[in-house]
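So this one's upload-v4.txt, compact mmCIF, C-alpha atoms and all ligand atoms:
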# COMPACT_ATOMS: atom_id res chain seq x y z
CA ALA Y 1 0.00 0.00 0.00
CA THR Y 2 1.16 3.51 -0.70
CA PRO Y 3 1.86 5.76 2.28
CA THR Y 4 -0.84 8.19 1.09
CA ALA Y 5 -3.53 5.51 1.00
CA LEU Y 6 -2.56 4.36 4.45
CA MET Y 7 -2.64 7.93 5.76
CA THR Y 8 -6.13 8.31 4.30
CA GLY Y 9 -7.17 5.10 6.00
CA THR Y 10 -5.81 6.41 9.28
CA GLY Y 11 -7.78 9.63 8.89
CA ARG Y 12 -10.94 7.69 8.05
CA GLY Y 13 -10.37 5.61 11.19
CA ALA Y 14 -10.25 8.78 13.31
CA GLN Y 15 -13.63 9.80 11.88
CA LEU Y 16 -15.03 6.45 13.00
CA GLY Y 17 -13.61 6.90 16.48
CA ILE Y 18 -10.77 4.48 15.87
CA LEU Y 19 -7.36 5.84 16.81
CA ILE Y 20 -4.61 4.12 14.85
CA LYS Y 21 -1.03 4.39 16.13
CA GLY Y 22 0.63 4.50 12.75
CA PRO Y 23 -0.08 3.75 9.09
CA GLN Y 24 1.70 0.38 9.39
CA VAL Y 25 -1.01 -0.85 11.76
CA LEU Y 26 -3.53 -1.06 8.91
CA GLU Y 27 -1.28 -3.46 7.03
CA ASP Y 28 -1.09 -5.75 10.09
CA THR Y 29 -4.85 -5.63 10.58
CA ARG Y 30 -5.48 -7.11 7.16
CA THR Y 31 -4.00 -10.54 7.89
CA VAL Y 32 -5.58 -11.08 11.31
CA ASN Y 33 -7.60 -14.33 11.52
CA ALA Y 34 -8.24 -14.80 15.25
CA ILE Y 35 -9.38 -12.35 17.89
CA LEU Y 36 -9.06 -12.81 21.63
CA LEU Y 37 -11.63 -10.77 23.50
CA ASP Y 38 -11.19 -9.88 27.14
CA LYS Y 39 -14.51 -10.41 28.89
CA THR Y 40 -14.90 -7.71 31.54
CA GLY Y 41 -15.17 -4.23 30.07
CA THR Y 42 -14.70 -5.45 26.48
CA VAL Y 43 -17.53 -7.92 25.76
CA THR Y 44 -19.45 -6.89 28.89
CA SER Y 45 -20.14 -3.36 30.08
CA GLY Y 46 -17.78 -3.73 33.03
CA ARG Y 47 -20.32 -1.78 35.07
CA LEU Y 48 -20.94 -4.47 37.62
CA GLU Y 49 -23.49 -4.46 40.38
CA VAL Y 50 -23.25 -6.03 43.79
CA THR Y 51 -26.14 -8.51 44.02
CA ASP Y 52 -25.43 -10.18 47.35
CA VAL Y 53 -23.20 -9.96 50.41
CA THR Y 54 -22.90 -13.04 52.60
CA ALA Y 55 -21.18 -12.91 55.97
CA LEU Y 56 -20.40 -16.06 57.90
CA GLY Y 57 -19.28 -15.97 61.51
CA ASP Y 58 -19.90 -12.97 63.73
CA THR Y 59 -19.08 -10.17 61.28
CA HIS Y 60 -22.09 -8.32 59.84
CA ALA Y 61 -22.63 -8.16 56.08
CA GLU Y 62 -22.59 -4.32 56.18
CA GLU Y 63 -19.22 -4.41 57.87
CA VAL Y 64 -17.80 -6.83 55.29
CA LEU Y 65 -19.02 -4.58 52.49
CA ALA Y 66 -17.81 -1.36 54.14
CA ARG Y 67 -14.29 -2.67 54.78
CA ALA Y 68 -13.91 -4.33 51.40
CA GLY Y 69 -15.36 -1.19 49.79
CA ALA Y 70 -12.90 1.04 51.60
CA VAL Y 71 -9.98 -0.96 50.20
CA GLU Y 72 -11.51 -1.30 46.71
CA ALA Y 73 -12.03 2.48 46.55
CA ALA Y 74 -8.31 2.74 45.86
CA SER Y 75 -8.49 0.37 42.85
CA GLU Y 76 -9.58 1.08 39.26
CA HIS Y 77 -10.81 -2.44 38.51
CA PRO Y 78 -14.51 -2.69 37.45
CA ILE Y 79 -15.12 -5.10 40.35
CA ALA Y 80 -13.51 -2.62 42.71
CA ARG Y 81 -15.61 0.30 41.50
CA ALA Y 82 -18.81 -1.68 41.99
CA ILE Y 83 -17.91 -2.80 45.51
CA ALA Y 84 -16.79 0.70 46.57
CA GLU Y 85 -19.98 2.17 45.13
CA ALA Y 86 -22.23 -0.33 46.93
CA ALA Y 87 -20.34 0.21 50.18
CA LYS Y 88 -20.79 4.00 49.97
CA HIS Y 89 -24.53 3.57 49.41
CA GLY Y 90 -24.82 1.00 52.19
CA ALA Y 91 -22.88 3.04 54.70
CA GLY Y 92 -24.53 6.34 53.84
CA THR Y 93 -21.36 7.95 55.15
CA GLU Y 94 -17.72 8.22 54.13
CA LEU Y 95 -15.90 4.92 53.93
CA PRO Y 96 -13.25 4.23 56.59
CA HIS Y 97 -9.66 5.28 55.90
CA VAL Y 98 -7.29 2.77 54.28
CA SER Y 99 -3.53 2.50 54.66
CA ASN Y 100 -0.92 0.15 53.15
CA PHE Y 101 -3.01 -0.37 50.00
CA HIS Y 102 -1.72 -3.00 47.59
CA SER Y 103 -3.27 -4.25 44.37
CA ALA Y 104 -2.45 -7.60 42.73
CA PRO Y 105 -3.71 -7.55 39.11
CA GLY Y 106 -5.83 -10.63 38.43
CA GLY Y 107 -5.90 -11.44 42.14
CA GLY Y 108 -7.36 -8.79 44.41
CA VAL Y 109 -6.58 -5.98 46.79
CA ARG Y 110 -5.18 -5.60 50.29
CA GLY Y 111 -5.32 -2.73 52.78
CA VAL Y 112 -5.46 -1.89 56.46
CA VAL Y 113 -8.85 -0.62 57.72
CA ASP Y 114 -9.49 0.21 61.39
CA GLY Y 115 -6.32 -1.65 62.32
CA ALA Y 116 -7.37 -4.85 60.50
CA VAL Y 117 -5.74 -6.31 57.39
CA ILE Y 118 -8.45 -6.72 54.75
CA LEU Y 119 -8.06 -8.84 51.63
CA ALA Y 120 -10.65 -8.93 48.83
CA GLY Y 121 -10.20 -11.03 45.73
CA ARG Y 122 -10.46 -14.39 44.07
CA PRO Y 123 -10.27 -17.47 46.32
CA GLY Y 124 -6.98 -18.71 44.85
CA TRP Y 125 -5.28 -15.41 45.54
CA LEU Y 126 -6.52 -15.36 49.14
CA GLU Y 127 -5.14 -18.88 49.60
CA ASN Y 128 -1.79 -17.73 48.22
CA ASN Y 129 -1.93 -15.14 50.98
CA ASP Y 130 -2.33 -17.83 53.66
CA VAL Y 131 -6.08 -17.53 54.13
CA SER Y 132 -7.71 -20.93 54.49
CA ILE Y 133 -11.16 -21.29 53.01
CA PRO Y 134 -13.74 -23.31 55.01
CA ASP Y 135 -15.98 -25.72 53.10
CA ASP Y 136 -19.17 -23.73 53.67
CA TYR Y 137 -17.57 -20.84 51.78
CA ARG Y 138 -16.74 -23.10 48.87
CA ALA Y 139 -20.41 -24.06 48.73
CA ILE Y 140 -21.39 -20.38 48.47
CA PHE Y 141 -18.82 -19.87 45.75
CA THR Y 142 -20.08 -22.82 43.70
CA ARG Y 143 -23.67 -21.61 44.04
CA GLN Y 144 -22.77 -18.08 42.95
CA GLN Y 145 -20.78 -19.37 39.99
CA GLU Y 146 -23.65 -21.53 38.84
CA SER Y 147 -25.94 -18.51 38.90
CA GLY Y 148 -23.49 -16.65 36.65
CA ALA Y 149 -22.19 -14.29 39.32
CA THR Y 150 -18.62 -13.34 40.10
CA ALA Y 151 -17.88 -13.99 43.75
CA ILE Y 152 -15.23 -11.98 45.62
CA TYR Y 153 -13.93 -13.35 48.91
CA VAL Y 154 -13.19 -11.06 51.83
CA ALA Y 155 -10.78 -11.92 54.65
CA GLN Y 156 -9.92 -10.00 57.78
CA ASN Y 157 -6.64 -10.64 59.63
CA GLY Y 158 -6.16 -13.87 57.71
CA ARG Y 159 -9.67 -15.27 58.31
CA MET Y 160 -12.57 -15.44 55.85
CA VAL Y 161 -15.41 -13.10 56.79
CA GLY Y 162 -17.63 -12.93 53.74
CA VAL Y 163 -18.40 -13.26 50.05
CA ILE Y 164 -19.55 -10.42 47.78
CA SER Y 165 -21.36 -11.42 44.58
CA LEU Y 166 -21.50 -9.23 41.50
CA LYS Y 167 -23.16 -9.33 38.11
CA ASP Y 168 -22.12 -7.74 34.86
CA THR Y 169 -24.18 -7.13 31.71
CA ILE Y 170 -23.22 -7.92 28.14
CA LYS Y 171 -22.90 -4.84 25.93
CA GLU Y 172 -25.81 -4.36 23.58
CA ASN Y 173 -23.71 -4.65 20.41
CA SER Y 174 -21.37 -7.45 21.39
CA ALA Y 175 -23.24 -10.35 19.78
CA ALA Y 176 -23.76 -8.50 16.48
CA ALA Y 177 -20.15 -7.34 16.40
CA ILE Y 178 -18.85 -10.86 17.01
CA ALA Y 179 -21.07 -12.18 14.21
CA LYS Y 180 -19.54 -9.53 11.94
CA LEU Y 181 -16.00 -10.49 12.98
CA LYS Y 182 -16.78 -14.10 12.07
CA LYS Y 183 -18.07 -12.98 8.69
CA LEU Y 184 -14.77 -11.18 8.17
CA GLY Y 185 -13.05 -14.53 8.70
CA LEU Y 186 -11.90 -14.05 12.27
CA ARG Y 187 -12.23 -16.74 14.92
CA PRO Y 188 -13.43 -15.12 18.17
CA LEU Y 189 -12.11 -16.40 21.51
CA LEU Y 190 -12.95 -15.27 25.03
CA LEU Y 191 -10.22 -14.62 27.59
CA THR Y 192 -10.88 -13.83 31.22
CA GLY Y 193 -9.60 -13.95 34.76
CA ASP Y 194 -13.15 -14.65 35.87
CA ASN Y 195 -14.54 -18.12 36.58
CA LYS Y 196 -15.53 -20.77 33.98
CA GLU Y 197 -19.27 -20.69 34.59
CA VAL Y 198 -19.56 -16.96 34.04
CA ALA Y 199 -17.22 -17.09 31.05
CA GLN Y 200 -19.19 -19.91 29.36
CA GLN Y 201 -22.50 -18.14 29.94
CA VAL Y 202 -21.19 -14.96 28.34
CA ALA Y 203 -19.64 -16.90 25.43
CA ALA Y 204 -22.92 -18.70 24.72
CA GLN Y 205 -24.79 -15.41 24.59
CA VAL Y 206 -22.42 -13.74 22.14
CA GLY Y 207 -21.72 -16.68 19.82
CA ILE Y 208 -18.28 -17.83 20.94
CA ALA Y 209 -17.72 -21.62 20.84
CA PRO Y 210 -17.33 -23.34 24.24
CA GLU Y 211 -13.90 -24.66 23.28
CA ASP Y 212 -12.75 -21.12 22.51
CA VAL Y 213 -13.18 -19.91 26.08
CA PHE Y 214 -10.16 -19.40 28.36
CA ALA Y 215 -11.28 -18.76 31.96
CA ASP Y 216 -9.43 -18.33 35.29
CA VAL Y 217 -6.51 -16.87 33.36
CA LEU Y 218 -3.99 -14.81 35.30
CA PRO Y 219 -2.45 -11.71 33.65
CA GLU Y 220 0.72 -13.70 32.71
CA GLY Y 221 -1.54 -16.38 31.28
CA LYS Y 222 -3.12 -13.88 28.92
CA VAL Y 223 0.23 -13.40 27.17
CA ASP Y 224 0.65 -17.18 26.97
CA ALA Y 225 -2.78 -17.55 25.39
CA VAL Y 226 -1.78 -15.11 22.64
CA LYS Y 227 1.54 -16.91 22.11
CA ARG Y 228 -0.11 -20.34 21.94
CA LEU Y 229 -2.46 -19.19 19.18
CA GLN Y 230 0.46 -17.60 17.32
CA GLU Y 231 2.36 -20.90 17.57
CA GLN Y 232 -0.63 -22.58 15.93
CA GLY Y 233 0.01 -20.29 12.98
CA LEU Y 234 -2.78 -17.82 13.65
CA THR Y 235 -2.38 -14.05 13.29
CA VAL Y 236 -3.87 -12.81 16.50
CA ALA Y 237 -5.71 -9.65 17.46
CA MET Y 238 -6.43 -9.04 21.12
CA ALA Y 239 -8.99 -6.58 22.48
CA GLY Y 240 -8.86 -5.54 26.13
CA ASP Y 241 -9.07 -2.69 28.58
CA GLY Y 242 -7.29 -3.55 31.80
CA VAL Y 243 -3.84 -3.21 33.31
CA ASN Y 244 -3.92 -7.01 33.25
CA ASP Y 245 -4.38 -6.99 29.46
CA ALA Y 246 -1.45 -4.72 28.58
CA ALA Y 247 1.21 -7.41 28.08
CA ALA Y 248 -1.13 -9.51 25.94
CA LEU Y 249 -2.05 -6.46 23.84
CA ALA Y 250 1.66 -5.89 23.21
CA GLN Y 251 2.25 -9.57 22.34
CA ALA Y 252 -0.68 -9.73 19.90
CA ASP Y 253 -0.11 -9.05 16.20
CA LEU Y 254 -2.77 -6.39 16.58
CA GLY Y 255 -3.49 -4.93 20.03
CA ILE Y 256 -6.83 -3.18 20.44
CA ALA Y 257 -7.64 -1.09 23.53
CA MET Y 258 -11.06 0.08 24.63
CA GLY Y 259 -11.13 3.87 25.03
CA SER Y 260 -12.58 3.51 28.52
CA GLY Y 261 -9.64 1.31 29.43
CA THR Y 262 -6.62 2.03 31.55
CA ASP Y 263 -3.74 4.15 30.20
CA VAL Y 264 -1.39 1.17 30.25
CA ALA Y 265 -3.71 -0.78 27.96
CA ILE Y 266 -4.03 2.16 25.56
CA GLU Y 267 -0.24 2.62 25.47
CA ALA Y 268 0.35 -1.05 24.70
CA ALA Y 269 -2.24 -1.18 21.89
CA ASP Y 270 -1.96 -0.48 18.15
CA LEU Y 271 -5.58 0.66 17.91
CA THR Y 272 -7.84 2.40 20.41
CA ILE Y 273 -11.61 2.17 20.09
CA MET Y 274 -12.99 5.46 21.43
CA GLY Y 275 -16.65 4.44 21.65
CA ASN Y 276 -15.93 1.18 23.53
CA ASP Y 277 -18.17 -0.60 21.06
CA LEU Y 278 -16.99 -3.94 19.65
CA ASN Y 279 -18.60 -2.98 16.34
CA GLN Y 280 -15.76 -0.51 15.90
CA VAL Y 281 -13.30 -3.39 16.09
CA ALA Y 282 -15.06 -4.99 13.12
CA GLN Y 283 -15.09 -1.59 11.40
CA ALA Y 284 -11.34 -1.25 11.89
CA ILE Y 285 -10.76 -4.61 10.21
CA GLU Y 286 -13.11 -3.69 7.36
CA LEU Y 287 -11.45 -0.31 6.99
CA SER Y 288 -7.97 -1.76 6.66
CA ARG Y 289 -9.15 -4.24 4.06
CA SER Y 290 -10.90 -1.61 1.97
CA THR Y 291 -8.02 0.84 2.32
CA LEU Y 292 -5.57 -1.76 1.13
CA SER Y 293 -7.67 -3.17 -1.68
CA THR Y 294 -8.34 0.22 -3.30
CA ILE Y 295 -4.64 0.66 -3.85
CA LYS Y 296 -4.11 -2.65 -5.58
P1 LIG T 301 -10.85 -9.96 33.53
O1 LIG T 301 -9.91 -10.82 32.75
O2 LIG T 301 -12.25 -10.48 33.43
O3 LIG T 301 -10.75 -8.51 33.15
P2 LIG T 301 -9.09 -9.78 35.87
O4 LIG T 301 -7.92 -10.54 35.32
O5 LIG T 301 -8.90 -8.32 36.02
O6 LIG T 301 -10.46 -10.12 35.08
O7 LIG T 301 -9.43 -10.38 37.30
C1 LIG T 301 -9.55 -11.76 37.49
C2 LIG T 301 -10.16 -12.04 38.82
O8 LIG T 301 -9.31 -11.53 39.88
C3 LIG T 301 -11.50 -11.34 39.03
O9 LIG T 301 -12.57 -12.08 38.50
C4 LIG T 301 -11.52 -11.28 40.55
O10 LIG T 301 -11.89 -12.52 41.09
C5 LIG T 301 -10.08 -11.01 40.92
N1 LIG T 301 -9.79 -9.56 41.04
C6 LIG T 301 -9.04 -8.79 40.22
N2 LIG T 301 -8.99 -7.51 40.66
C7 LIG T 301 -9.74 -7.46 41.77
C8 LIG T 301 -10.11 -6.42 42.69
N3 LIG T 301 -9.71 -5.17 42.57
N4 LIG T 301 -10.89 -6.78 43.74
C9 LIG T 301 -11.33 -8.05 43.89
N5 LIG T 301 -11.03 -9.05 43.06
C10 LIG T 301 -10.24 -8.77 42.02
MG MG T 302 -11.03 -6.32 31.45

Translate this file's structure into structure tokens.
Ligand code: ADP
Ligand code: MG
Amino acid sequence: ATPTALMTGTGRGAQLGILIKGPQVLEDTRTVNAILLDKTGTVTSGRLEVTDVTALGDTHAEEVLARAGAVEAASEHPIARAIAEAAKHGAGTELPHVSNFHSAPGGGVRGVVDGAVILAGRPGWLENNDVSIPDDYRAIFTRQQESGATAIYVAQNGRMVGVISLKDTIKENSAAAIAKLKKLGLRPLLLTGDNKEVAQQVAAQVGIAPEDVFADVLPEGKVDAVKRLQEQGLTVAMAGDGVNDAAALAQADLGIAMGSGTDVAIEAADLTIMGNDLNQVAQAIELSRSTLSTIK
């Protein structure tokens, strides 16, 4: 393709709300035949809602939510925003102060609230932090998973105190956009740090095959997923929004960031979709193909 045609394509992309890092990106887009889609914030809205708080033992549910919410208020993760928001509503007052905040991407958050060490995150991450999980909690987790919810475990001073369940909604255009990507010859795959049940339910609703779902994937695992597909000879696009997606976006042949995403994701990507709509991903692929075919 001539530089001028590519520049025109880039300008056309900007009109569509697709920011393209450089003219070369359009050339790479043309050969893509698989697309890994991050679930939360990419296929789903990422605007989660807390649907249930369960406290076991002598801690009250409000207290579990308030303390977890106080720690999550310092995190940018969609799960964190939802928990902090629910805690603020529930408390009706300011959340307690947090010190020693630490965030583990793909795991959870830790902070000190009212002199107690609070952890909120996925069960495996809590276990890595020496929290043992009683069987009755596992039962809650299984139940929540089966209902399609994401369950976040909360521990205080090393002991489990509760489970917070959240639900996300699929973006209105996701299913149509994925159908379009398939028509363009791309194989869609779902990639998420969330649990299998939730991931499979989302995949079924948007037309992704069950065998093309990668769930419970840690941030490092996202890069490996891209590499594995590349080793199979596929040219891989990856669309994501989180800090945890950045490395995979960089590894992909074509990295696509959602405009609502974190700065790290946008920096690592080749394309940024300003409207956060998966349809624009399909448009970007179409655009590159039309730009390149007019010049031939
Ligand atoms: P996704 O791939 O869907 O964007 P992440 O990799 O960001 O998900 O997170 C994977 C899992 O790690 C989440 O489903 C959640 O269990 C846990 N997690 C990540 N960040 C947080 C957080 N700030 N608070 C609680 N749990 C978290
Ligand atoms: Mg995400």

- request: Could you pull out the residues sitting within 8 Å of ligand LIG 301 (chain T), using all atoms listed in the file, and write them as a count of residues only?
  value: 42

Given all atoms listed in the file as the counted atoms, nearest of Y:Asn100, Y:Gln230, Y:Ser45, Y:Thr54 to Gln251 (chain Y): Y:Gln230

task: Measure the distance from CA of Ala176 (chain Y) to CA of Val202 (chain Y) in Å and round it to one decimal.
output: 13.7 Å

Sphere at (-4.2, 4.4, 11.1), radius 8 Å, counting only C-alpha atoms: residues as a PDB file with C-alpha atoms, in the frame of the given file:
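New file selection-v7.pdb:
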ATOM      1  CA  LEU Y   6      -2.560   4.360   4.450  1.00  0.00           C
ATOM      2  CA  MET Y   7      -2.640   7.930   5.760  1.00  0.00           C
ATOM      3  CA  GLY Y   9      -7.170   5.100   6.000  1.00  0.00           C
ATOM      4  CA  THR Y  10      -5.810   6.410   9.280  1.00  0.00           C
ATOM      5  CA  GLY Y  11      -7.780   9.630   8.890  1.00  0.00           C
ATOM      6  CA  GLY Y  13     -10.370   5.610  11.190  1.00  0.00           C
ATOM      7  CA  ALA Y  14     -10.250   8.780  13.310  1.00  0.00           C
ATOM      8  CA  LEU Y  19      -7.360   5.840  16.810  1.00  0.00           C
ATOM      9  CA  ILE Y  20      -4.610   4.120  14.850  1.00  0.00           C
ATOM     10  CA  LYS Y  21      -1.030   4.390  16.130  1.00  0.00           C
ATOM     11  CA  GLY Y  22       0.630   4.500  12.750  1.00  0.00           C
ATOM     12  CA  PRO Y  23      -0.080   3.750   9.090  1.00  0.00           C
ATOM     13  CA  GLN Y  24       1.700   0.380   9.390  1.00  0.00           C
ATOM     14  CA  VAL Y  25      -1.010  -0.850  11.760  1.00  0.00           C
ATOM     15  CA  LEU Y  26      -3.530  -1.060   8.910  1.00  0.00           C
ATOM     16  CA  LEU Y 271      -5.580   0.660  17.910  1.00  0.00           C
TER      17      LEU Y 271
END

field: Closest of Y:Ile208, Y:Leu189, Y:Ala284, Y:Ala70 to Val236 (chain Y) - atom-to-atom distances counting all atoms listed in the file
entry: Y:Leu189

- request: Step by step: start from the point (-20.5, -15.1, 53.7) in the file's coordinates, keep every protein, DNA or RNA residue that has an atom no farther than 8 Å from it, count all atoms listed in the file, and write the set as a ChimeraX atom specification.
  value: /Y:53-57,61,137,140,161-164

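Atom pair CA of Gly111 (chain Y) / CA of His97 (chain Y) has a distance of 9.6 Å (rounded to one decimal).
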
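The nearest approach to ligand MG 302 (chain T) among the residues Y:Val113, Y:Met258, Y:Ile273, Y:Ala149, with only C-alpha atoms and all ligand atoms taken into account, belongs to Y:Met258.
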
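The space separating CA of Ala265 (chain Y) from CA of Leu249 (chain Y) comes to 7.2 Å.
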
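Candidate residues Y:Asp130, Y:Ala257, Y:Ala66, Y:Met274 were compared for distance to ligand MG 302 (chain T), and the nearest is Y:Ala257, using all atoms listed in the file.
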
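Using only C-alpha atoms and all ligand atoms, the shortest contact distance between ligand MG 302 (chain T) and any of Y:Glu62, Y:Glu27, Y:Asp135, Y:Asp168 is found at Y:Asp168.
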
Residue contacts of Pro134 (chain Y) (10 Å, only C-alpha atoms) excluding same-chain residues fewer than 4 positions away, as a compact mmCIF listing (two decimals) with C-alpha atoms, keeping the file's coordinate frame:
# COMPACT_ATOMS: atom_id res chain seq x y z
CA ARG Y 138 -16.74 -23.10 48.87
CA ALA Y 139 -20.41 -24.06 48.73
CA ARG Y 159 -9.67 -15.27 58.31
CA MET Y 160 -12.57 -15.44 55.85

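Across Y:Thr29, Y:Ser132, Y:Ser260, Y:Thr272, the tightest approach to ligand MG 302 (chain T) is made by Y:Ser260 when counting all atoms listed in the file.
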
Around all the atoms of region 155-169 of chain Y listed in the file, draw an axis-aligned box and extend it by 6 Å on each of the six sides; I want its centre and edge lengths in Å to one decimal, as JSON.
{"center_x": -15.2, "center_y": -11.3, "center_z": 45.7, "size_x": 30.0, "size_y": 20.3, "size_z": 39.9}

query: Which residues come within 9 Å of region 209-213 of chain Y, counting all atoms listed in the file, excluding same-chain residues fewer than 5 positions away, as an NGL selection string?
result: :Y and (187-192 or 196 or 199-200 or 203-204)
